[in-house]
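Structure file model-v4.csv; described as CSV, C-alpha atoms.
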chain,number,residue,atom,x,y,z
A,41,MET,CA,38.8,12.4,12.1
A,42,THR,CA,36.9,15.6,11.4
A,43,GLU,CA,34.4,16.6,14.0
A,44,PRO,CA,30.9,17.4,12.8
A,45,ASP,CA,30.2,21.2,12.5
A,46,ALA,CA,27.7,21.9,15.2
A,47,SER,CA,26.8,25.1,13.5
A,48,VAL,CA,25.2,23.3,10.6
A,49,PRO,CA,21.7,22.2,11.5
A,50,ALA,CA,20.7,18.6,10.9
A,51,PRO,CA,18.3,18.1,8.1
A,52,ALA,CA,14.7,17.9,9.3
A,53,PRO,CA,13.0,14.5,9.2
A,54,ALA,CA,10.9,14.0,6.1
A,55,ALA,CA,7.3,14.7,6.7
A,56,ALA,CA,4.9,11.8,6.4
A,57,ALA,CA,3.2,11.7,3.0
A,58,ARG,CA,-0.4,13.0,3.4
A,59,PRO,CA,-3.2,11.3,1.4
A,60,VAL,CA,-4.3,13.3,-1.6
A,61,ARG,CA,-7.7,14.8,-1.0
A,62,SER,CA,-10.0,14.9,-4.0
A,63,ARG,CA,-11.4,18.3,-5.0
A,64,ALA,CA,-14.7,16.4,-5.5
A,65,GLN,CA,-14.8,15.2,-1.9
A,66,VAL,CA,-18.4,15.3,-0.6
A,67,ALA,CA,-19.1,16.8,2.7
A,68,LEU,CA,-20.8,14.8,5.5
A,69,ASP,CA,-23.8,17.0,5.6
A,70,THR,CA,-24.4,16.6,1.9
A,71,VAL,CA,-24.3,12.8,2.2
A,72,GLU,CA,-26.7,12.9,5.2
A,73,ASP,CA,-29.1,15.5,3.7
A,74,THR,CA,-29.4,13.5,0.4
A,75,ILE,CA,-30.1,10.2,2.3
A,76,SER,CA,-32.7,12.0,4.4
A,77,ALA,CA,-34.4,13.5,1.4
A,78,LEU,CA,-34.6,10.2,-0.4
A,79,THR,CA,-35.8,8.4,2.7
A,80,GLN,CA,-38.6,11.0,3.0
A,81,ILE,CA,-39.6,10.6,-0.6
A,82,ASP,CA,-39.8,6.8,-0.1
A,83,GLU,CA,-41.7,7.0,3.2
A,84,THR,CA,-44.3,9.5,1.9
A,85,GLY,CA,-44.7,7.6,-1.4
A,86,ASP,CA,-44.1,10.7,-3.4
A,87,LYS,CA,-44.5,9.1,-6.8
A,88,ARG,CA,-44.2,12.3,-8.8
A,89,THR,CA,-40.8,13.0,-7.4
A,90,MET,CA,-39.8,9.4,-7.8
A,91,GLU,CA,-40.8,9.5,-11.5
A,92,ARG,CA,-39.1,12.8,-12.1
A,93,MET,CA,-35.8,11.4,-10.6
A,94,ALA,CA,-36.2,8.2,-12.7
A,95,ARG,CA,-36.6,10.3,-15.9
A,96,ARG,CA,-33.6,12.4,-15.1
A,97,LEU,CA,-31.5,9.3,-14.3
A,98,GLY,CA,-32.5,7.7,-17.5
A,99,LYS,CA,-31.6,10.7,-19.6
A,100,GLU,CA,-28.5,11.8,-17.7
A,101,GLN,CA,-26.9,8.5,-16.6
A,102,PRO,CA,-27.7,5.8,-19.2
A,103,ALA,CA,-24.3,4.1,-18.8
A,104,LEU,CA,-24.8,3.8,-15.0
A,105,LEU,CA,-28.2,2.2,-15.5
A,106,ARG,CA,-26.8,-0.2,-18.1
A,107,ARG,CA,-24.3,-1.4,-15.6
A,108,ALA,CA,-27.0,-2.1,-13.1
A,109,ALA,CA,-29.1,-3.9,-15.8
A,110,ARG,CA,-26.2,-6.2,-16.5
A,111,LEU,CA,-26.0,-7.2,-12.9
A,112,LYS,CA,-29.8,-7.9,-13.0
A,113,GLU,CA,-29.4,-10.1,-16.2
A,114,LYS,CA,-26.5,-12.0,-14.6
A,115,HIS,CA,-27.7,-12.4,-11.0
A,116,GLY,CA,-31.5,-11.8,-11.0
A,117,ASP,CA,-34.0,-9.1,-9.9
A,118,PRO,CA,-33.0,-8.6,-6.2
A,119,VAL,CA,-29.4,-7.9,-7.2
A,120,GLY,CA,-30.4,-5.7,-10.0
A,121,GLU,CA,-32.8,-3.7,-7.8
A,122,ALA,CA,-30.2,-3.3,-5.1
A,123,ALA,CA,-27.6,-2.1,-7.7
A,124,VAL,CA,-30.1,0.5,-9.1
A,125,PHE,CA,-30.9,1.7,-5.6
A,126,TYR,CA,-27.3,2.2,-4.5
A,127,SER,CA,-26.2,3.6,-7.9
A,128,THR,CA,-29.1,6.1,-7.7
A,129,LEU,CA,-28.1,7.0,-4.2
A,130,VAL,CA,-24.5,7.7,-5.2
A,131,TRP,CA,-25.7,9.7,-8.2
A,132,ALA,CA,-28.1,11.8,-6.1
A,133,ILE,CA,-25.3,12.6,-3.6
A,134,PHE,CA,-22.9,13.8,-6.2
A,135,ASP,CA,-25.7,15.6,-8.0
A,136,ARG,CA,-26.5,17.6,-4.8
A,137,HIS,CA,-22.8,18.2,-4.2
A,138,ALA,CA,-22.1,19.5,-7.7
A,139,ASP,CA,-25.5,21.0,-8.4
A,140,ARG,CA,-25.6,18.7,-11.4
A,141,ALA,CA,-23.5,15.6,-11.6
A,142,PRO,CA,-21.6,15.0,-14.9
A,143,ARG,CA,-22.8,12.3,-17.2
A,144,LEU,CA,-20.7,9.1,-16.8
A,145,THR,CA,-19.7,7.4,-20.0
A,146,PRO,CA,-19.0,3.7,-20.4
A,147,GLY,CA,-15.3,4.6,-20.5
A,148,ASN,CA,-15.6,6.5,-17.2
A,149,ILE,CA,-17.0,3.4,-15.5
A,150,ASP,CA,-14.6,1.0,-17.1
A,151,ASP,CA,-11.6,3.1,-16.1
A,152,ALA,CA,-12.9,3.5,-12.6
A,153,GLU,CA,-13.3,-0.3,-12.3
A,154,ALA,CA,-9.7,-0.8,-13.5
A,155,VAL,CA,-8.4,1.6,-10.9
A,156,LEU,CA,-10.3,0.0,-8.1
A,157,LYS,CA,-9.3,-3.5,-9.1
A,158,GLU,CA,-5.7,-2.5,-8.7
A,159,GLU,CA,-6.4,-0.9,-5.3
A,160,TRP,CA,-8.4,-4.0,-4.1
A,161,ALA,CA,-5.6,-6.3,-5.3
A,162,ALA,CA,-3.1,-4.3,-3.3
A,163,ALA,CA,-5.0,-4.7,0.0
A,164,PRO,CA,-4.0,-8.0,1.6
A,165,GLY,CA,-6.8,-9.9,3.3
A,166,LEU,CA,-9.5,-7.6,1.9
A,167,ALA,CA,-11.8,-10.5,0.9
A,168,ASP,CA,-11.7,-11.8,4.5
A,169,ARG,CA,-13.2,-8.7,6.0
A,170,PRO,CA,-16.9,-8.2,6.6
A,171,ILE,CA,-18.6,-7.1,3.3
A,172,HIS,CA,-19.2,-3.5,4.4
A,173,GLU,CA,-15.5,-3.1,5.2
A,174,ARG,CA,-14.2,-4.2,1.8
A,175,LEU,CA,-13.4,-0.7,0.6
A,176,ALA,CA,-10.5,0.5,-1.4
A,177,ALA,CA,-8.3,2.5,0.9
A,178,ALA,CA,-7.5,5.2,-1.6
A,179,LEU,CA,-11.2,5.6,-2.4
A,180,VAL,CA,-11.9,6.1,1.3
A,181,ASP,CA,-9.2,8.8,1.4
A,182,ARG,CA,-10.9,10.5,-1.5
A,183,GLN,CA,-14.4,10.1,-0.3
A,184,PRO,CA,-14.3,9.4,3.4
A,185,HIS,CA,-17.8,10.5,4.4
A,186,LEU,CA,-19.5,8.8,1.4
A,187,CYS,CA,-17.6,5.5,1.8
A,188,ALA,CA,-18.3,5.4,5.5
A,189,LYS,CA,-22.1,5.9,5.0
A,190,LEU,CA,-22.2,3.3,2.2
A,191,GLY,CA,-20.6,0.8,4.5
A,192,GLU,CA,-23.1,1.6,7.2
A,193,LEU,CA,-26.0,1.2,4.8
A,194,ILE,CA,-24.8,-2.1,3.4
A,195,ALA,CA,-24.2,-3.4,7.0
A,196,GLU,CA,-27.7,-2.3,8.1
A,197,ASP,CA,-29.4,-3.7,5.0
A,198,VAL,CA,-27.8,-7.1,5.6
A,199,LYS,CA,-28.5,-7.0,9.4
A,200,THR,CA,-32.2,-6.2,8.9
A,201,GLU,CA,-32.5,-8.7,6.0
A,202,ALA,CA,-33.4,-6.0,3.5
A,203,MET,CA,-30.9,-7.8,1.3
A,204,THR,CA,-28.9,-11.0,1.6
A,205,ALA,CA,-25.2,-11.1,2.3
A,206,GLU,CA,-24.8,-12.6,-1.2
A,207,THR,CA,-26.5,-9.6,-2.8
A,208,ALA,CA,-24.5,-7.2,-0.7
A,209,GLU,CA,-21.3,-8.9,-1.8
A,210,LEU,CA,-22.3,-8.7,-5.5
A,211,ILE,CA,-23.3,-5.0,-5.5
A,212,PHE,CA,-20.8,-3.4,-3.0
A,213,ALA,CA,-17.9,-3.4,-5.4
A,214,PRO,CA,-19.9,-2.0,-8.4
A,215,THR,CA,-21.2,0.7,-6.1
A,216,GLN,CA,-17.7,1.7,-5.2
A,217,VAL,CA,-16.9,1.8,-9.0
A,218,ILE,CA,-19.7,4.4,-9.4
A,219,VAL,CA,-18.3,6.5,-6.6
A,220,GLU,CA,-14.8,6.4,-8.1
A,221,ALA,CA,-16.2,7.3,-11.6
A,222,PHE,CA,-18.1,10.4,-10.3
A,223,ASP,CA,-15.1,11.4,-8.1
A,224,ALA,CA,-12.7,11.2,-11.0
A,225,ALA,CA,-15.1,13.0,-13.3
A,226,LEU,CA,-15.6,15.9,-10.9
A,227,ASP,CA,-12.0,16.1,-9.9
A,228,GLY,CA,-10.9,16.2,-13.5
A,229,ARG,CA,-8.8,13.0,-13.5
A,230,ARG,CA,-11.2,11.4,-16.0
A,231,PRO,CA,-13.8,14.0,-16.9
A,232,GLY,CA,-17.4,12.9,-17.7
A,233,GLU,CA,-19.8,14.7,-20.0
A,234,ARG,CA,-21.3,18.0,-18.9
A,235,VAL,CA,-25.1,17.8,-18.4
A,236,GLY,CA,-26.6,21.1,-19.3
A,237,PRO,CA,-30.2,22.5,-19.3
A,238,ILE,CA,-32.4,21.4,-22.2
A,239,VAL,CA,-32.5,24.2,-24.8
A,240,ARG,CA,-35.5,24.3,-27.1
A,241,GLU,CA,-34.7,24.8,-30.7
A,242,THR,CA,-38.0,26.6,-31.2
A,243,ALA,CA,-40.2,28.6,-28.8
A,244,LYS,CA,-42.8,26.7,-26.8
A,245,VAL,CA,-46.3,27.0,-28.3
A,246,GLY,CA,-49.1,27.7,-25.8
A,247,ARG,CA,-52.3,25.7,-26.1
A,248,ASN,CA,-54.3,28.8,-27.0
A,249,ASP,CA,-51.8,30.2,-29.4
A,250,PRO,CA,-52.3,30.0,-33.2
A,251,CYS,CA,-51.1,26.7,-34.5
A,252,PRO,CA,-47.7,27.0,-36.2
A,253,CYS,CA,-49.0,25.0,-39.1
A,254,GLY,CA,-50.8,28.2,-40.3
A,255,SER,CA,-54.4,26.8,-40.2
A,256,GLY,CA,-55.6,29.7,-38.1
A,257,LYS,CA,-56.9,27.3,-35.4
A,258,LYS,CA,-55.7,27.3,-31.8
A,259,TYR,CA,-52.9,24.9,-31.2
A,260,LYS,CA,-55.0,22.8,-28.8
A,261,LYS,CA,-57.6,22.2,-31.5
A,262,CYS,CA,-55.2,21.5,-34.2
A,263,HIS,CA,-51.7,19.9,-33.8
A,264,GLU,CA,-51.3,19.7,-30.0
A,265,GLY,CA,-49.7,16.3,-29.3
A,266,GLN,CA,-49.0,15.7,-33.0
A,267,THR,CA,-46.1,16.1,-35.2
A,268,LEU,CA,-46.3,19.4,-37.1
A,269,PRO,CA,-46.2,19.1,-40.9
I'd like the structure from this file rewritten - as structure tokens, please.
Amino acid sequence: MTEPDASVPAPAPAAAARPVRSRAQVALDTVEDTISALTQIDETGDKRTMERMARRLGKEQPALLRRAARLKEKHGDPVGEAAVFYSTLVWAIFDRHADRAPRLTPGNIDDAEAVLKEEWAAAPGLADRPIHERLAAALVDRQPHLCAKLGELIAEDVKTEAMTAETAELIFAPTQVIVEAFDAALDGRRPGERVGPIVRETAKVGRNDPCPCGSGKKYKKCHEGQTLP
């Protein structure tokens, strides 16, 4: 029997596989700063900022809002309002992280839901855990800080009766879908649509400038607020 050659080093044990980190991973301070800013807006009743955010959300994320609207149609106002709140929060966090979040398409959201359904199905006993712990493990790997904070907020909202456990159960999975959709869009796995600045096709007309219609009158006394001929 041949003796092993002691001069040949034994192969090194295989290193444990490390979870893949998303390039879109949001830092903890970004999560906390966004939540702090939104809390301040809410507590001060800053309607102007609220309205500006609502307009941006409506223009830039219509597919996200349609998802929330479907939950409202199916389950009622409390569920719809909670879905809008958490979807808006996720959007605001990614928007701060990326300077401007990409626009999610219906396909982005549908694909994200399909991915998470597989991940949820692969987690035994997930449905038996407390609602705020029913997170897809791979999503937690990709967005640990955001997922941890969402779990904390859901648990706190249920504890303080800001929402019922039934509402939390209905909106927590869809909220994770939005996280996955933004993460994939920013990471390049499933790109969304780029949201750019609004570019005017024509120069803005000042109120005291001559009206573009050629009447010779000032714009404010002629066609301001009207469609030009």
Top pick for closest residue to Glu233 (chain A), considering A:Glu173, A:Asp150, A:Glu100, A:Glu121 and counting only C-alpha atoms: A:Glu100
Residue among A:Cys251, A:Ile211, A:Ala176, A:Ala109 lying closest to Ala152 (chain A), counting only C-alpha atoms: A:Ala176
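Reported to one decimal place, the separation of CA of Lys189 (chain A) from CA of Arg95 (chain A) is 25.8 Å.
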From A:Ala141, A:Ala161, A:Val130, A:Ala224, residue lying nearest Arg182 (chain A) [all atoms listed in the file]: A:Ala224
Residues near Arg140 (chain A), cut-off 12 Å, all atoms listed in the file, skip fewer than 6 positions along chain, as a PyMOL selection string: chain A and resi 96-97+100-101+131-134+222+226+232-237
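Non-sequential neighbours of Glu159 (chain A) (distance at most 8 Å, separation of 2 or more positions within a chain, all atoms listed in the file) are A:Val155, A:Leu156, A:Lys157, A:Ala161, A:Ala162, A:Ala163, A:Ala176, A:Ala177, A:Ala178.
Taking all atoms listed in the file into account, Ala108 (chain A) lies nearest to A:Val124 out of the set A:Ala67, A:Ala94, A:Leu129, A:Val124.
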Distance of CA of Arg136 (chain A) from CA of Ala213 (chain A), expressed in Å to one decimal place: 22.7 Å
Close residues, Ile149 (chain A) itself excluded, 8 Å, all atoms listed in the file, min 2 positions apart in chain, as a list in words: Leu104, Leu144, Thr145, Pro146, Gly147, Asp151, Ala152, Glu153, Val217, Ile218 and Ala221 of chain A
Residue nearest Gly228 (chain A) - candidates A:Arg143, A:Arg169, A:Arg63, A:Arg106, atoms counted: all atoms listed in the file: A:Arg63
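As for CA of Gln65 (chain A) and CA of Arg230 (chain A), they are spaced 15.0 Å apart.
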